[in-house]
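Enquirer: Next comes the structure file entry.pdb, holding PDB, C-alpha atoms, pLDDT in the B column.
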ATOM      1  CA  MET A   1       0.000   0.000   0.000  1.00 48.00           C
ATOM      2  CA  PHE A   2       1.425   3.387  -1.049  1.00 44.00           C
ATOM      3  CA  ILE A   3       0.321   6.858   0.060  1.00 49.00           C
ATOM      4  CA  LEU A   4       1.344   9.849  -2.088  1.00 47.00           C
ATOM      5  CA  LEU A   5       2.298  12.933  -0.044  1.00 48.00           C
ATOM      6  CA  LYS A   6       3.213  15.788  -2.423  1.00 49.00           C
ATOM      7  CA  ASP A   7       6.545  14.702  -3.912  1.00 52.00           C
ATOM      8  CA  PHE A   8       7.111  11.771  -1.579  1.00 48.00           C
ATOM      9  CA  VAL A   9       5.861   8.211  -1.783  1.00 51.00           C
ATOM     10  CA  VAL A  10       5.406   6.640   1.644  1.00 50.00           C
ATOM     11  CA  PHE A  11       5.181   2.885   2.005  1.00 51.00           C
ATOM     12  CA  VAL A  12       2.719   1.785   4.675  1.00 53.00           C
ATOM     13  CA  TYR A  13       3.168  -1.768   5.940  1.00 56.00           C
ATOM     14  CA  LYS A  14      -0.090  -3.554   6.650  1.00 75.00           C
ATOM     15  CA  MET A  15       0.194  -5.849   9.627  1.00 85.00           C
ATOM     16  CA  PRO A  16      -1.199  -9.295   8.794  1.00 93.00           C
ATOM     17  CA  THR A  17      -4.272 -10.514  10.586  1.00 98.00           C
ATOM     18  CA  LEU A  18      -3.946 -13.773  12.513  1.00 98.00           C
ATOM     19  CA  GLY A  19      -6.672 -16.219  13.459  1.00 98.00           C
ATOM     20  CA  VAL A  20      -6.722 -19.452  15.462  1.00 98.00           C
ATOM     21  CA  ALA A  21      -8.678 -22.533  14.361  1.00 98.00           C
ATOM     22  CA  ILE A  22      -9.433 -25.108  17.064  1.00 98.00           C
ATOM     23  CA  PRO A  23     -10.989 -28.544  16.485  1.00 97.00           C
ATOM     24  CA  CYS A  24     -12.811 -29.891  19.520  1.00 96.00           C
ATOM     25  CA  TYR A  25     -15.357 -32.499  20.612  1.00 94.00           C
ATOM     26  CA  HIS A  26     -17.578 -32.928  23.658  1.00 93.00           C
ATOM     27  CA  GLY A  27     -14.939 -34.912  25.561  1.00 92.00           C
ATOM     28  CA  HIS A  28     -12.530 -31.963  25.455  1.00 94.00           C
ATOM     29  CA  ILE A  29     -14.929 -29.139  26.273  1.00 94.00           C
ATOM     30  CA  ASN A  30     -13.785 -28.835  29.888  1.00 93.00           C
ATOM     31  CA  ILE A  31     -10.052 -28.766  29.118  1.00 93.00           C
ATOM     32  CA  LEU A  32     -10.619 -26.356  26.223  1.00 96.00           C
ATOM     33  CA  LYS A  33     -10.600 -23.680  28.927  1.00 96.00           C
ATOM     34  CA  ASN A  34      -6.856 -24.206  29.461  1.00 94.00           C
ATOM     35  CA  LEU A  35      -6.183 -23.416  25.819  1.00 96.00           C
ATOM     36  CA  LEU A  36      -8.489 -20.382  25.740  1.00 98.00           C
ATOM     37  CA  ASP A  37      -6.853 -19.071  28.918  1.00 97.00           C
ATOM     38  CA  SER A  38      -3.415 -19.486  27.326  1.00 96.00           C
ATOM     39  CA  ILE A  39      -4.630 -17.458  24.337  1.00 98.00           C
ATOM     40  CA  GLU A  40      -5.790 -14.745  26.712  1.00 98.00           C
ATOM     41  CA  LYS A  41      -2.188 -14.465  27.974  1.00 96.00           C
ATOM     42  CA  GLN A  42      -0.701 -13.970  24.500  1.00 97.00           C
ATOM     43  CA  THR A  43       1.612 -11.018  23.922  1.00 97.00           C
ATOM     44  CA  ARG A  44      -0.043 -10.722  20.522  1.00 98.00           C
ATOM     45  CA  LYS A  45      -3.800 -11.299  20.754  1.00 98.00           C
ATOM     46  CA  PRO A  46      -5.485 -13.091  17.853  1.00 98.00           C
ATOM     47  CA  ASP A  47      -7.790 -11.201  15.532  1.00 98.00           C
ATOM     48  CA  MET A  48     -10.255 -14.093  15.741  1.00 98.00           C
ATOM     49  CA  VAL A  49     -10.528 -17.519  17.378  1.00 98.00           C
ATOM     50  CA  VAL A  50     -12.927 -20.095  15.945  1.00 98.00           C
ATOM     51  CA  VAL A  51     -13.701 -23.390  17.684  1.00 98.00           C
ATOM     52  CA  SER A  52     -15.552 -26.171  15.879  1.00 98.00           C
ATOM     53  CA  CYS A  53     -16.927 -28.541  18.508  1.00 97.00           C
ATOM     54  CA  SER A  54     -18.753 -31.730  17.554  1.00 96.00           C
ATOM     55  CA  GLY A  55     -20.942 -34.036  19.602  1.00 95.00           C
ATOM     56  CA  THR A  56     -22.688 -31.227  21.476  1.00 94.00           C
ATOM     57  CA  ASN A  57     -25.145 -28.373  21.137  1.00 93.00           C
ATOM     58  CA  ASP A  58     -23.634 -26.207  23.833  1.00 90.00           C
ATOM     59  CA  THR A  59     -20.406 -25.084  25.520  1.00 89.00           C
ATOM     60  CA  PRO A  60     -19.841 -23.123  28.756  1.00 92.00           C
ATOM     61  CA  TYR A  61     -17.723 -20.411  27.079  1.00 94.00           C
ATOM     62  CA  THR A  62     -18.936 -16.997  25.968  1.00 92.00           C
ATOM     63  CA  GLN A  63     -17.375 -13.988  24.275  1.00 94.00           C
ATOM     64  CA  ASP A  64     -17.498 -11.833  27.414  1.00 94.00           C
ATOM     65  CA  GLN A  65     -15.046 -14.177  29.166  1.00 96.00           C
ATOM     66  CA  TYR A  66     -12.198 -13.217  26.823  1.00 97.00           C
ATOM     67  CA  SER A  67     -10.697 -10.065  25.347  1.00 97.00           C
ATOM     68  CA  PHE A  68     -10.234 -11.543  21.853  1.00 98.00           C
ATOM     69  CA  PRO A  69     -13.020 -12.256  19.324  1.00 98.00           C
ATOM     70  CA  LEU A  70     -14.302 -15.785  19.916  1.00 98.00           C
ATOM     71  CA  LYS A  71     -16.735 -17.841  17.846  1.00 97.00           C
ATOM     72  CA  ILE A  72     -17.729 -21.364  18.894  1.00 97.00           C
ATOM     73  CA  ILE A  73     -19.535 -23.545  16.366  1.00 97.00           C
ATOM     74  CA  THR A  74     -21.299 -26.589  17.813  1.00 96.00           C
ATOM     75  CA  ASN A  75     -22.700 -29.629  16.067  1.00 95.00           C
ATOM     76  CA  PRO A  76     -24.481 -32.538  17.790  1.00 95.00           C
ATOM     77  CA  ASN A  77     -23.240 -34.987  15.156  1.00 95.00           C
ATOM     78  CA  LYS A  78     -20.067 -37.063  15.220  1.00 92.00           C
ATOM     79  CA  MET A  79     -17.206 -35.494  13.279  1.00 94.00           C
ATOM     80  CA  ASN A  80     -13.521 -36.254  13.069  1.00 94.00           C
ATOM     81  CA  ALA A  81     -10.599 -33.867  13.608  1.00 94.00           C
ATOM     82  CA  ALA A  82     -10.211 -33.120   9.899  1.00 96.00           C
ATOM     83  CA  GLN A  83     -13.844 -32.063   9.601  1.00 97.00           C
ATOM     84  CA  ASN A  84     -13.626 -29.817  12.660  1.00 97.00           C
ATOM     85  CA  ARG A  85     -10.380 -28.277  11.422  1.00 97.00           C
ATOM     86  CA  ASN A  86     -11.874 -27.490   8.023  1.00 98.00           C
ATOM     87  CA  ILE A  87     -15.013 -25.985   9.536  1.00 98.00           C
ATOM     88  CA  ALA A  88     -13.075 -23.700  11.885  1.00 98.00           C
ATOM     89  CA  ALA A  89     -10.561 -22.593   9.238  1.00 98.00           C
ATOM     90  CA  ASN A  90     -13.277 -21.903   6.656  1.00 97.00           C
ATOM     91  CA  VAL A  91     -14.850 -19.353   8.996  1.00 97.00           C
ATOM     92  CA  LEU A  92     -11.612 -17.410   9.471  1.00 97.00           C
ATOM     93  CA  ASP A  93     -10.867 -14.631   6.981  1.00 95.00           C
ATOM     94  CA  THR A  94      -7.478 -13.720   8.479  1.00 98.00           C
ATOM     95  CA  ASP A  95      -4.196 -13.605   6.547  1.00 97.00           C
ATOM     96  CA  ILE A  96      -2.675 -16.300   8.760  1.00 98.00           C
ATOM     97  CA  ILE A  97      -4.499 -19.349  10.126  1.00 98.00           C
ATOM     98  CA  SER A  98      -2.895 -21.062  13.127  1.00 98.00           C
ATOM     99  CA  PHE A  99      -4.229 -24.433  14.262  1.00 98.00           C
ATOM    100  CA  MET A 100      -4.269 -25.688  17.854  1.00 97.00           C
ATOM    101  CA  ASP A 101      -5.793 -28.797  19.424  1.00 95.00           C
ATOM    102  CA  ALA A 102      -8.380 -28.212  22.125  1.00 95.00           C
ATOM    103  CA  ASP A 103      -6.494 -30.232  24.747  1.00 93.00           C
ATOM    104  CA  ASP A 104      -3.153 -28.438  24.275  1.00 93.00           C
ATOM    105  CA  GLN A 105      -1.878 -24.994  25.304  1.00 93.00           C
ATOM    106  CA  MET A 106       0.092 -22.093  23.833  1.00 95.00           C
ATOM    107  CA  HIS A 107       3.344 -20.566  25.008  1.00 94.00           C
ATOM    108  CA  PHE A 108       2.544 -16.951  25.871  1.00 95.00           C
ATOM    109  CA  GLN A 109       4.606 -15.629  22.914  1.00 96.00           C
ATOM    110  CA  ARG A 110       3.321 -18.122  20.349  1.00 97.00           C
ATOM    111  CA  LEU A 111       1.216 -15.803  18.193  1.00 98.00           C
ATOM    112  CA  GLU A 112       3.753 -12.975  18.377  1.00 98.00           C
ATOM    113  CA  ILE A 113       6.482 -15.313  17.116  1.00 98.00           C
ATOM    114  CA  ILE A 114       4.276 -16.808  14.411  1.00 98.00           C
ATOM    115  CA  GLU A 115       3.506 -13.333  13.082  1.00 98.00           C
ATOM    116  CA  LYS A 116       7.235 -12.557  13.062  1.00 97.00           C
ATOM    117  CA  ALA A 117       8.014 -15.767  11.173  1.00 97.00           C
ATOM    118  CA  PHE A 118       5.602 -14.887   8.376  1.00 97.00           C
ATOM    119  CA  GLU A 119       7.602 -11.751   7.638  1.00 96.00           C
ATOM    120  CA  ASN A 120       9.762 -14.207   5.718  1.00 95.00           C
ATOM    121  CA  ASP A 121       8.531 -15.447   2.366  1.00 92.00           C
ATOM    122  CA  ILE A 122       6.773 -18.513   3.760  1.00 96.00           C
ATOM    123  CA  VAL A 123       3.309 -20.020   3.476  1.00 97.00           C
ATOM    124  CA  ILE A 124       3.640 -22.599   6.269  1.00 96.00           C
ATOM    125  CA  LEU A 125       5.266 -22.627   9.713  1.00 96.00           C
ATOM    126  CA  ILE A 126       5.853 -25.618  11.958  1.00 94.00           C
ATOM    127  CA  HIS A 127       7.330 -25.330  15.438  1.00 92.00           C
ATOM    128  CA  SER A 128       8.589 -27.471  18.262  1.00 87.00           C
ATOM    129  CA  THR A 129       6.506 -28.354  21.332  1.00 86.00           C
ATOM    130  CA  ILE A 130       6.826 -29.455  24.947  1.00 84.00           C
ATOM    131  CA  ILE A 131       5.419 -32.876  25.735  1.00 78.00           C
ATOM    132  CA  GLY A 132       3.982 -33.230  29.213  1.00 68.00           C
ATOM    133  CA  PHE A 133       2.496 -31.068  31.884  1.00 57.00           C
ATOM    134  CA  ASP A 134       5.415 -28.730  32.646  1.00 60.00           C
ATOM    135  CA  ASN A 135       5.205 -25.403  30.848  1.00 56.00           C
ATOM    136  CA  PRO A 136       7.984 -23.064  31.988  1.00 61.00           C
ATOM    137  CA  ASP A 137       7.351 -19.412  31.140  1.00 75.00           C
ATOM    138  CA  ILE A 138      10.595 -18.981  29.230  1.00 85.00           C
ATOM    139  CA  LYS A 139      10.852 -15.728  27.313  1.00 92.00           C
ATOM    140  CA  TYR A 140      12.266 -16.162  23.824  1.00 94.00           C
ATOM    141  CA  ASP A 141      14.449 -13.502  22.196  1.00 93.00           C
ATOM    142  CA  ASN A 142      16.210 -13.279  18.841  1.00 92.00           C
ATOM    143  CA  ILE A 143      14.775 -16.458  17.357  1.00 94.00           C
ATOM    144  CA  VAL A 144      16.407 -17.632  14.152  1.00 92.00           C
ATOM    145  CA  PHE A 145      13.866 -19.331  11.895  1.00 94.00           C
ATOM    146  CA  ASP A 146      14.934 -22.163   9.607  1.00 91.00           C
ATOM    147  CA  ILE A 147      13.632 -21.283   6.157  1.00 94.00           C
ATOM    148  CA  ASN A 148      13.103 -23.977   3.508  1.00 91.00           C
ATOM    149  CA  ARG A 149      14.571 -26.769   5.656  1.00 87.00           C
ATOM    150  CA  LEU A 150      11.510 -29.011   5.838  1.00 87.00           C
ATOM    151  CA  GLY A 151      11.207 -32.162   3.777  1.00 82.00           C
ATOM    152  CA  ILE A 152       9.188 -35.355   3.401  1.00 81.00           C
ATOM    153  CA  TYR A 153      10.137 -38.900   4.372  1.00 74.00           C
ATOM    154  CA  PRO A 154      10.040 -41.494   1.554  1.00 69.00           C
ATOM    155  CA  CYS A 155       6.659 -42.694   2.848  1.00 65.00           C
ATOM    156  CA  GLY A 156       5.302 -39.421   1.491  1.00 59.00           C
ATOM    157  CA  TRP A 157       3.572 -37.869   4.473  1.00 60.00           C
ATOM    158  CA  MET A 158       5.959 -37.625   7.419  1.00 61.00           C
ATOM    159  CA  ILE A 159       7.682 -34.255   7.965  1.00 69.00           C
ATOM    160  CA  VAL A 160      11.399 -34.088   8.659  1.00 66.00           C
ATOM    161  CA  HIS A 161      13.807 -31.253   9.402  1.00 68.00           C
ATOM    162  CA  LEU A 162      16.518 -31.724   6.791  1.00 67.00           C
ATOM    163  CA  ASP A 163      19.384 -30.612   9.078  1.00 70.00           C
ATOM    164  CA  ASN A 164      18.230 -32.493  12.153  1.00 68.00           C
ATOM    165  CA  PRO A 165      15.862 -35.406  11.419  1.00 58.00           C
ATOM    166  CA  GLN A 166      15.517 -36.060  15.161  1.00 56.00           C
ATOM    167  CA  ASN A 167      13.749 -32.752  15.772  1.00 61.00           C
ATOM    168  CA  PHE A 168      10.187 -33.295  16.907  1.00 65.00           C
ATOM    169  CA  VAL A 169       7.850 -31.277  14.717  1.00 73.00           C
ATOM    170  CA  THR A 170       4.239 -30.536  15.599  1.00 80.00           C
ATOM    171  CA  ASN A 171       1.967 -31.079  12.625  1.00 90.00           C
ATOM    172  CA  GLY A 172      -1.203 -30.435  14.618  1.00 92.00           C
ATOM    173  CA  HIS A 173      -0.080 -26.918  15.575  1.00 95.00           C
ATOM    174  CA  VAL A 174       0.745 -25.758  12.056  1.00 96.00           C
ATOM    175  CA  SER A 175       0.243 -22.179  10.855  1.00 98.00           C
ATOM    176  CA  ILE A 176      -0.457 -21.380   7.215  1.00 98.00           C
ATOM    177  CA  HIS A 177      -1.188 -18.485   4.916  1.00 96.00           C
ATOM    178  CA  LYS A 178      -4.905 -18.191   4.174  1.00 94.00           C
ATOM    179  CA  LYS A 179      -4.328 -18.576   0.426  1.00 92.00           C
ATOM    180  CA  ILE A 180      -2.995 -22.082   1.090  1.00 93.00           C
ATOM    181  CA  PHE A 181      -6.251 -23.174   2.666  1.00 94.00           C
ATOM    182  CA  ASN A 182      -8.015 -22.132  -0.511  1.00 89.00           C
ATOM    183  CA  LEU A 183      -5.915 -24.767  -2.293  1.00 95.00           C
ATOM    184  CA  ILE A 184      -5.484 -27.572   0.253  1.00 96.00           C
ATOM    185  CA  LYS A 185      -7.915 -28.824   2.902  1.00 96.00           C
ATOM    186  CA  TYR A 186      -7.645 -31.533   5.545  1.00 97.00           C
ATOM    187  CA  ASN A 187      -8.650 -34.881   4.075  1.00 95.00           C
ATOM    188  CA  GLU A 188     -11.819 -35.948   5.892  1.00 95.00           C
ATOM    189  CA  SER A 189     -11.780 -39.558   4.671  1.00 93.00           C
ATOM    190  CA  PRO A 190     -11.789 -42.232   7.423  1.00 90.00           C
ATOM    191  CA  SER A 191      -8.686 -43.739   5.813  1.00 89.00           C
ATOM    192  CA  TYR A 192      -6.740 -40.635   6.859  1.00 89.00           C
ATOM    193  CA  HIS A 193      -7.917 -40.815  10.450  1.00 88.00           C
ATOM    194  CA  GLY A 194      -4.995 -40.274  12.847  1.00 84.00           C
ATOM    195  CA  LYS A 195      -2.617 -38.940  10.188  1.00 88.00           C
ATOM    196  CA  GLU A 196      -4.649 -36.114   8.657  1.00 93.00           C
ATOM    197  CA  ASP A 197      -2.336 -33.504  10.232  1.00 92.00           C
ATOM    198  CA  SER A 198       0.835 -34.991   8.746  1.00 90.00           C
ATOM    199  CA  VAL A 199      -0.768 -35.468   5.333  1.00 92.00           C
ATOM    200  CA  PHE A 200      -2.015 -31.872   5.319  1.00 95.00           C
ATOM    201  CA  THR A 201       1.395 -30.357   6.113  1.00 94.00           C
ATOM    202  CA  SER A 202       3.151 -32.740   3.718  1.00 91.00           C
ATOM    203  CA  ASP A 203       0.824 -31.774   0.874  1.00 93.00           C
ATOM    204  CA  ILE A 204       1.661 -28.102   1.464  1.00 95.00           C
ATOM    205  CA  ILE A 205       5.420 -28.724   1.598  1.00 92.00           C
ATOM    206  CA  LYS A 206       5.254 -30.750  -1.633  1.00 90.00           C
ATOM    207  CA  MET A 207       3.477 -27.885  -3.372  1.00 94.00           C
ATOM    208  CA  PHE A 208       5.568 -25.074  -1.813  1.00 94.00           C
ATOM    209  CA  PRO A 209       8.989 -26.590  -0.930  1.00 91.00           C
ATOM    210  CA  ASN A 210      10.684 -23.193  -1.136  1.00 94.00           C
ATOM    211  CA  ASN A 211       8.267 -21.349   1.142  1.00 95.00           C
ATOM    212  CA  THR A 212       8.483 -23.292   4.420  1.00 95.00           C
ATOM    213  CA  GLY A 213       9.450 -22.194   7.905  1.00 94.00           C
ATOM    214  CA  TYR A 214      10.461 -23.989  11.086  1.00 92.00           C
ATOM    215  CA  CYS A 215      10.695 -22.476  14.563  1.00 93.00           C
ATOM    216  CA  PRO A 216      13.153 -24.405  16.766  1.00 88.00           C
ATOM    217  CA  VAL A 217      11.713 -23.307  20.124  1.00 89.00           C
ATOM    218  CA  ALA A 218       8.671 -24.831  21.804  1.00 89.00           C
ATOM    219  CA  LEU A 219       5.630 -22.637  21.189  1.00 93.00           C
ATOM    220  CA  SER A 220       3.064 -25.050  22.587  1.00 92.00           C
ATOM    221  CA  LYS A 221       2.510 -27.687  25.213  1.00 89.00           C
ATOM    222  CA  TYR A 222       1.188 -31.042  24.098  1.00 80.00           C
ATOM    223  CA  VAL A 223      -0.798 -32.540  26.946  1.00 74.00           C
ATOM    224  CA  PRO A 224      -1.515 -36.301  26.584  1.00 68.00           C
ATOM    225  CA  SER A 225      -5.234 -36.687  27.092  1.00 61.00           C
ATOM    226  CA  GLY A 226      -5.716 -40.367  26.435  1.00 54.00           C
ATOM    227  CA  THR A 227      -7.438 -39.796  23.102  1.00 50.00           C
ATOM    228  CA  LEU A 228      -6.161 -40.374  19.603  1.00 42.00           C
ATOM    229  CA  SER A 229      -8.767 -38.358  17.773  1.00 37.00           C
ATOM    230  CA  PHE A 230     -11.693 -36.019  18.110  1.00 35.00           C
ATOM    231  CA  ILE A 231     -14.316 -38.599  17.212  1.00 34.00           C
ATOM    232  CA  PRO A 232     -17.018 -38.629  19.939  1.00 32.00           C
TER     233      PRO A 232
END
Take the structure in the file and give it back as C-alpha cells.
Expert:
Amino acid sequence: MFILLKDFVVFVYKMPTLGVAIPCYHGHINILKNLLDSIEKQTRKPDMVVVSCSGTNDTPYTQDQYSFPLKIITNPNKMNAAQNRNIAANVLDTDIISFMDADDQMHFQRLEIIEKAFENDIVILIHSTIIGFDNPDIKYDNIVFDINRLGIYPCGWMIVHLDNPQNFVTNGHVSIHKKIFNLIKYNESPSYHGKEDSVFTSDIIKMFPNNTGYCPVALSKYVPSGTLSFIP
C-alpha cells in the first residue's frame, strides 16, 4: 500500500491478521478452557478464534469471558478432527491461520512469534513443542527461523527437518497463509484418520517446498489426554 504525499511516496506496511482454528469435541470441552486461557495471555492477541466442537449443542464459554473475538460452532453430530479443522478454518478470513488442538496450550509468545516468522517469504510454519504437563514461562528472544529446511520422508507424508531429522515437529499446531487453505484442505476420509495432520502439512510442503518455515523453540505444550482423535 502506497500513500502519495506531495513529492514523496510513503510505504505503509499492513500488519497481517492472525486467526486461530481449534478442532474440539464434547470430551474436550472442559479442558478447552486451558487453551483459551493461554490465548488470553498472548503477547499478541489473535484477531479471531474459531472453535468447531462436535458431539454437542452447547459449551460453557462466551465472548465476554475473553478479550479476543471468539466464535464457537457446535454440532451434535459425530465429526472427526479433519472435519472440525476445516469448519473452523473456513470461517476465518485472516491472513494467517494457526491451528491448535483443544487439549493443548500455547506458550505466551506463540502468536507474536508466528507473526514474526511470516515476515519471511513462507506459506507454512511448523514449530517445536513441549510434551507433558510442565510449561515453563521462558521468554524467547532473537529467534532464528529455519527457512526452507523441511522435507518429506520417503513414505510421502511424514515431515522431517533436513538438518536435524531427530527434531520433533508438531503437525497439529501448524500455521499457514490463508491462500494455502483455498488450495489444500484436511482430508476428511476415514482412511486418513490419525494422520490427517501430517498429510495436510506434507501436501503443502510438496506444493511449496521453497516457502516453508520452522521455529526451533517450543511454542506449545502437548498434553496427553488419552485420546487419539476427536471422534465422539
Enquirer: Applied to this file, what does the PyMOL selection byres ((chain A and resi 75-77) around 9) return in terms of residues, put as a PDB file with C-alpha atoms, keeping the file's coordinate frame?
Expert:
ATOM      1  CA  SER A  52     -15.552 -26.171  15.879  1.00 98.00           C
ATOM      2  CA  CYS A  53     -16.927 -28.541  18.508  1.00 97.00           C
ATOM      3  CA  SER A  54     -18.753 -31.730  17.554  1.00 96.00           C
ATOM      4  CA  GLY A  55     -20.942 -34.036  19.602  1.00 95.00           C
ATOM      5  CA  THR A  56     -22.688 -31.227  21.476  1.00 94.00           C
ATOM      6  CA  ASN A  57     -25.145 -28.373  21.137  1.00 93.00           C
ATOM      7  CA  ASP A  58     -23.634 -26.207  23.833  1.00 90.00           C
ATOM      8  CA  ILE A  73     -19.535 -23.545  16.366  1.00 97.00           C
ATOM      9  CA  THR A  74     -21.299 -26.589  17.813  1.00 96.00           C
ATOM     10  CA  LYS A  78     -20.067 -37.063  15.220  1.00 92.00           C
ATOM     11  CA  MET A  79     -17.206 -35.494  13.279  1.00 94.00           C
ATOM     12  CA  PRO A 232     -17.018 -38.629  19.939  1.00 32.00           C
TER      13      PRO A 232
END
Enquirer: Evaluate the PyMOL selection byres ((chain A and resi 218) around 6) and record the selected residues as a PyMOL selection string, following the chain and residue labels used in the document.
Expert: chain A and resi 128-130+217+219-220
Enquirer: Apply the PyMOL selection byres ((chain A and resi 31) around 10) to the file shown and report the selected residues as a PDB file with C-alpha atoms, in the frame of the given file.
Expert:
ATOM      1  CA  GLY A  27     -14.939 -34.912  25.561  1.00 92.00           C
ATOM      2  CA  HIS A  28     -12.530 -31.963  25.455  1.00 94.00           C
ATOM      3  CA  ILE A  29     -14.929 -29.139  26.273  1.00 94.00           C
ATOM      4  CA  ASN A  30     -13.785 -28.835  29.888  1.00 93.00           C
ATOM      5  CA  LEU A  32     -10.619 -26.356  26.223  1.00 96.00           C
ATOM      6  CA  LYS A  33     -10.600 -23.680  28.927  1.00 96.00           C
ATOM      7  CA  ASN A  34      -6.856 -24.206  29.461  1.00 94.00           C
ATOM      8  CA  LEU A  35      -6.183 -23.416  25.819  1.00 96.00           C
ATOM      9  CA  LEU A  36      -8.489 -20.382  25.740  1.00 98.00           C
ATOM     10  CA  ALA A 102      -8.380 -28.212  22.125  1.00 95.00           C
ATOM     11  CA  ASP A 103      -6.494 -30.232  24.747  1.00 93.00           C
ATOM     12  CA  ASP A 104      -3.153 -28.438  24.275  1.00 93.00           C
ATOM     13  CA  GLN A 105      -1.878 -24.994  25.304  1.00 93.00           C
ATOM     14  CA  SER A 225      -5.234 -36.687  27.092  1.00 61.00           C
TER      15      SER A 225
END
Enquirer: Select from range 20-133 of chain A every residue with an atom at most 10 Å from any atom of range 146-153 of chain A, then for each give the shortest pair of atoms and their distance in Å to one decimal, using all atoms listed in the file, rows by chain and rising number, as CSV.
Expert:
residue,atom,partner,partner_atom,distance
A:Ala117,CA,A:Ile147,CA,9.3
A:Asn120,CA,A:Ile147,CA,8.1
A:Asp121,CA,A:Ile147,CA,8.6
A:Ile122,CA,A:Ile147,CA,7.8
A:Ile124,CA,A:Asn148,CA,10.0
A:Leu125,CA,A:Ile147,CA,9.2
A:Ile126,CA,A:Leu150,CA,9.0
Enquirer: May I have the residues at most 10 Å from (-1.7, -17.8, 18.0) in the file's coordinates, counting all atoms listed in the file, as a VMD selection string?
Expert: chain A and resid 18 to 21 38 to 39 42 to 49 96 to 100 106 to 115 173 175 219 to 220
Enquirer: With a distance cut-off of 10 Å and only C-alpha atoms, select the neighbouring residues of Ile205 in chain A, excluding the residue or stretch itself and same-chain residues fewer than 3 positions from it, and output the selection as number ranges by chain.
Expert: A: 123-124, 148, 150-152, 157, 159, 199-202, 208-213
Enquirer: For CA of Ile143 in chain A and CA of Asp163 in chain A, quote the distance in Å rounded to one decimal.
Expert: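 These atoms are spaced 17.0 Å apart.
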Enquirer: Can range 194-206 of chain A be brought up to N, CA and C atoms and written out as a CSV table (one decimal), in the coordinates of the input?
Expert:
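Now in selection13.csv:
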chain,number,residue,atom,x,y,z
A,194,GLY,N,-6.2,-40.1,12.0
A,194,GLY,CA,-5.0,-40.3,12.8
A,194,GLY,C,-3.7,-39.8,12.2
A,195,LYS,N,-3.8,-39.5,10.9
A,195,LYS,CA,-2.6,-38.9,10.2
A,195,LYS,C,-3.0,-37.7,9.3
A,196,GLU,N,-4.2,-37.2,9.5
A,196,GLU,CA,-4.6,-36.1,8.7
A,196,GLU,C,-3.8,-34.9,8.8
A,197,ASP,N,-3.2,-34.7,10.0
A,197,ASP,CA,-2.3,-33.5,10.2
A,197,ASP,C,-1.0,-33.6,9.4
A,198,SER,N,-0.4,-34.8,9.5
A,198,SER,CA,0.8,-35.0,8.7
A,198,SER,C,0.6,-34.9,7.2
A,199,VAL,N,-0.5,-35.5,6.8
A,199,VAL,CA,-0.8,-35.5,5.3
A,199,VAL,C,-1.0,-34.0,4.9
A,200,PHE,N,-1.7,-33.3,5.7
A,200,PHE,CA,-2.0,-31.9,5.3
A,200,PHE,C,-0.7,-31.1,5.2
A,201,THR,N,0.1,-31.1,6.2
A,201,THR,CA,1.4,-30.4,6.1
A,201,THR,C,2.3,-30.9,5.0
A,202,SER,N,2.3,-32.2,4.8
A,202,SER,CA,3.2,-32.7,3.7
A,202,SER,C,2.7,-32.3,2.4
A,203,ASP,N,1.4,-32.2,2.2
A,203,ASP,CA,0.8,-31.8,0.9
A,203,ASP,C,1.2,-30.3,0.6
A,204,ILE,N,1.3,-29.5,1.6
A,204,ILE,CA,1.7,-28.1,1.5
A,204,ILE,C,3.1,-28.0,1.1
A,205,ILE,N,4.0,-28.8,1.8
A,205,ILE,CA,5.4,-28.7,1.6
A,205,ILE,C,5.8,-29.2,0.2
A,206,LYS,N,5.0,-30.3,-0.3
A,206,LYS,CA,5.3,-30.8,-1.6
A,206,LYS,C,4.9,-29.7,-2.7
